[in-house]
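The structure file final-v2.pdb is reproduced below (PDB, C-alpha atoms).
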ATOM      1  CA  MET A   1      67.230  11.830  36.497  1.00  0.00           C
ATOM      2  CA  LEU A   2      69.411  11.738  39.595  1.00  0.00           C
ATOM      3  CA  ARG A   3      67.220  14.356  41.245  1.00  0.00           C
ATOM      4  CA  LYS A   4      64.113  12.177  41.057  1.00  0.00           C
ATOM      5  CA  PHE A   5      62.894  10.196  44.035  1.00  0.00           C
ATOM      6  CA  THR A   6      61.683   7.480  41.685  1.00  0.00           C
ATOM      7  CA  PHE A   7      65.249   6.724  40.635  1.00  0.00           C
ATOM      8  CA  TRP A   8      66.610   6.568  44.180  1.00  0.00           C
ATOM      9  CA  PHE A   9      63.693   4.596  45.623  1.00  0.00           C
ATOM     10  CA  THR A  10      63.897   2.068  42.789  1.00  0.00           C
ATOM     11  CA  LEU A  11      67.672   1.779  43.145  1.00  0.00           C
ATOM     12  CA  PHE A  12      67.294   1.246  46.895  1.00  0.00           C
ATOM     13  CA  SER A  13      64.760  -1.546  46.381  1.00  0.00           C
ATOM     14  CA  ILE A  14      66.932  -3.250  43.766  1.00  0.00           C
ATOM     15  CA  ILE A  15      69.893  -3.159  46.157  1.00  0.00           C
ATOM     16  CA  VAL A  16      67.788  -4.639  48.982  1.00  0.00           C
ATOM     17  CA  CYS A  17      66.558  -7.429  46.709  1.00  0.00           C
ATOM     18  CA  PHE A  18      70.064  -8.100  45.439  1.00  0.00           C
ATOM     19  CA  ILE A  19      71.432  -8.330  48.993  1.00  0.00           C
ATOM     20  CA  ASN A  20      68.687 -10.788  49.842  1.00  0.00           C
ATOM     21  CA  TYR A  21      69.293 -12.784  46.672  1.00  0.00           C
ATOM     22  CA  LEU A  22      73.012 -13.087  47.398  1.00  0.00           C
ATOM     23  CA  GLY A  23      72.232 -14.572  50.794  1.00  0.00           C
ATOM     24  CA  TYR A  24      73.490 -11.737  52.979  1.00  0.00           C
ATOM     25  CA  ASP A  25      70.005 -11.482  54.473  1.00  0.00           C
ATOM     26  CA  PRO A  26      69.250 -15.150  55.280  1.00  0.00           C
ATOM     27  CA  ASP A  27      66.415 -14.389  57.703  1.00  0.00           C
ATOM     28  CA  HIS A  28      64.873 -11.870  55.275  1.00  0.00           C
ATOM     29  CA  LEU A  29      64.932  -9.155  57.966  1.00  0.00           C
ATOM     30  CA  LEU A  30      66.090  -6.385  55.643  1.00  0.00           C
ATOM     31  CA  LEU A  31      63.450  -7.416  53.145  1.00  0.00           C
ATOM     32  CA  TYR A  32      60.779  -7.512  55.879  1.00  0.00           C
ATOM     33  CA  PHE A  33      61.650  -4.042  57.102  1.00  0.00           C
ATOM     34  CA  THR A  34      61.768  -2.416  53.668  1.00  0.00           C
ATOM     35  CA  SER A  35      59.053  -4.126  51.634  1.00  0.00           C
ATOM     36  CA  LEU A  36      55.415  -3.202  52.102  1.00  0.00           C
ATOM     37  CA  PRO A  37      54.181  -6.154  49.988  1.00  0.00           C
ATOM     38  CA  VAL A  38      56.024  -8.578  52.273  1.00  0.00           C
ATOM     39  CA  TRP A  39      54.152  -7.180  55.266  1.00  0.00           C
ATOM     40  CA  PHE A  40      50.831  -8.010  53.653  1.00  0.00           C
ATOM     41  CA  ILE A  41      51.953 -11.349  52.248  1.00  0.00           C
ATOM     42  CA  GLU A  42      53.118 -12.465  55.696  1.00  0.00           C
ATOM     43  CA  ILE A  43      49.603 -11.931  57.035  1.00  0.00           C
ATOM     44  CA  VAL A  44      48.240 -14.566  54.644  1.00  0.00           C
ATOM     45  CA  ARG A  45      51.177 -16.855  53.795  1.00  0.00           C
ATOM     46  CA  ASP A  46      54.730 -17.594  54.717  1.00  0.00           C
ATOM     47  CA  ILE A  47      57.213 -15.773  52.513  1.00  0.00           C
ATOM     48  CA  HIS A  48      59.319 -18.925  52.176  1.00  0.00           C
ATOM     49  CA  SER A  49      56.476 -20.715  50.391  1.00  0.00           C
ATOM     50  CA  LEU A  50      56.349 -18.200  47.535  1.00  0.00           C
ATOM     51  CA  ASN A  51      58.535 -17.584  44.528  1.00  0.00           C
ATOM     52  CA  MET A  52      61.130 -15.010  45.606  1.00  0.00           C
ATOM     53  CA  ALA A  53      61.213 -13.484  42.109  1.00  0.00           C
ATOM     54  CA  LEU A  54      57.599 -12.415  42.654  1.00  0.00           C
ATOM     55  CA  ILE A  55      58.502 -10.919  46.034  1.00  0.00           C
ATOM     56  CA  TYR A  56      61.400  -9.003  44.474  1.00  0.00           C
ATOM     57  CA  LEU A  57      59.204  -7.750  41.640  1.00  0.00           C
ATOM     58  CA  LEU A  58      56.495  -6.554  44.030  1.00  0.00           C
ATOM     59  CA  THR A  59      59.098  -4.849  46.205  1.00  0.00           C
ATOM     60  CA  VAL A  60      60.640  -2.952  43.288  1.00  0.00           C
ATOM     61  CA  LEU A  61      57.239  -1.997  41.895  1.00  0.00           C
ATOM     62  CA  SER A  62      56.004  -0.709  45.251  1.00  0.00           C
ATOM     63  CA  TRP A  63      59.113   1.438  45.773  1.00  0.00           C
ATOM     64  CA  THR A  64      58.845   2.745  42.208  1.00  0.00           C
ATOM     65  CA  ALA A  65      55.209   3.686  42.810  1.00  0.00           C
ATOM     66  CA  ALA A  66      56.184   5.438  46.044  1.00  0.00           C
ATOM     67  CA  GLY A  67      58.882   7.368  44.188  1.00  0.00           C
ATOM     68  CA  LEU A  68      56.440   8.416  41.485  1.00  0.00           C
ATOM     69  CA  LEU A  69      54.021   9.619  44.148  1.00  0.00           C
ATOM     70  CA  VAL A  70      56.697  11.657  45.917  1.00  0.00           C
ATOM     71  CA  ASP A  71      57.914  13.117  42.612  1.00  0.00           C
ATOM     72  CA  GLU A  72      54.363  14.128  41.764  1.00  0.00           C
ATOM     73  CA  LEU A  73      53.882  15.797  45.145  1.00  0.00           C
ATOM     74  CA  VAL A  74      57.187  17.660  44.794  1.00  0.00           C
ATOM     75  CA  ALA A  75      56.226  18.833  41.302  1.00  0.00           C
ATOM     76  CA  LYS A  76      52.833  20.066  42.510  1.00  0.00           C
ATOM     77  CA  ARG A  77      54.446  21.947  45.361  1.00  0.00           C
ATOM     78  CA  ALA A  78      56.978  23.533  43.002  1.00  0.00           C
ATOM     79  CA  ASP A  79      54.158  24.583  40.667  1.00  0.00           C
ATOM     80  CA  ALA A  80      52.226  26.062  43.583  1.00  0.00           C
ATOM     81  CA  ARG A  81      55.249  28.107  44.653  1.00  0.00           C
ATOM     82  CA  LYS A  82      55.661  29.527  41.123  1.00  0.00           C
ATOM     83  CA  ASN A  83      52.113  30.856  41.091  1.00  0.00           C
TER      84      ASN A  83
END

Would you write out, as structure tokens, the structure that this file holds?
Amino acid sequence: MLRKFTFWFTLFSIIVCFINYLGYDPDHLLLYFTSLPVWFIEIVRDIHSLNMALIYLLTVLSWTAAGLLVDELVAKRADARKN
């Protein structure tokens, strides 16, 4: 489990969201730099006008999806090396 990118990417996103929630990122800069959904949301709406729980959920889900993708690519490469 600790060798999976999905675990570490998800943990990273949870930590970023928790830091933002606690108020240590009042201008949302850390969240802006690390959350792909926030980039797209900012094109259409202001992040301050949305429910932050939704932003946090989208951030965690996007990092989890990225981790799953990387894990899949690593597994395919390992399988290719075995053959």

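Separating atom CA of A:Phe9 from atom CA of A:Ala78 is a distance of 20.3 Å.
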
Exercise. Using all atoms listed in the file, which residues sit within 7 Å of stretch 27-38 of chain A once same-chain residues fewer than 6 positions away are excluded, as a PyMOL selection string?
Worked result: chain A and resi 16+20+58-59

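The space between atom CA of A:Leu50 and atom CA of A:Phe18 spans 17.2 Å.
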
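Under the PyMOL selection byres ((chain A and resi 68) around 12), the matching residues in the shown file are Lys4, Phe5, Thr6, Phe7, Trp8, Phe9, Thr10, Leu61, Ser62, Trp63, Thr64, Ala65, Ala66, Gly67, Leu69, Val70, Asp71, Glu72, Leu73, Val74 and Ala75 of chain A.
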
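Closest approach to A:Met52 from the set A:Leu2, A:Lys82, A:Tyr21, A:Ile14 is made by A:Tyr21, with distances taken over only C-alpha atoms.
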
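Between atom CA of A:Gly23 and atom CA of A:Asn51 the separation is 15.4 Å.
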
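Nearest-residue note for A:Ile41: choosing from A:Leu11, A:Ile19, A:Ala80, A:Ile55, the minimum distance belongs to A:Ile55, counting only C-alpha atoms.
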
If the box runs along x, y and z of the file and leaves 5 Å on each side of stretch 60-64 of chain A, what are its centre and edge lengths in Å, one decimal, as JSON?
{"center_x": 58.3, "center_y": -0.1, "center_z": 43.8, "size_x": 14.6, "size_y": 15.7, "size_z": 13.9}
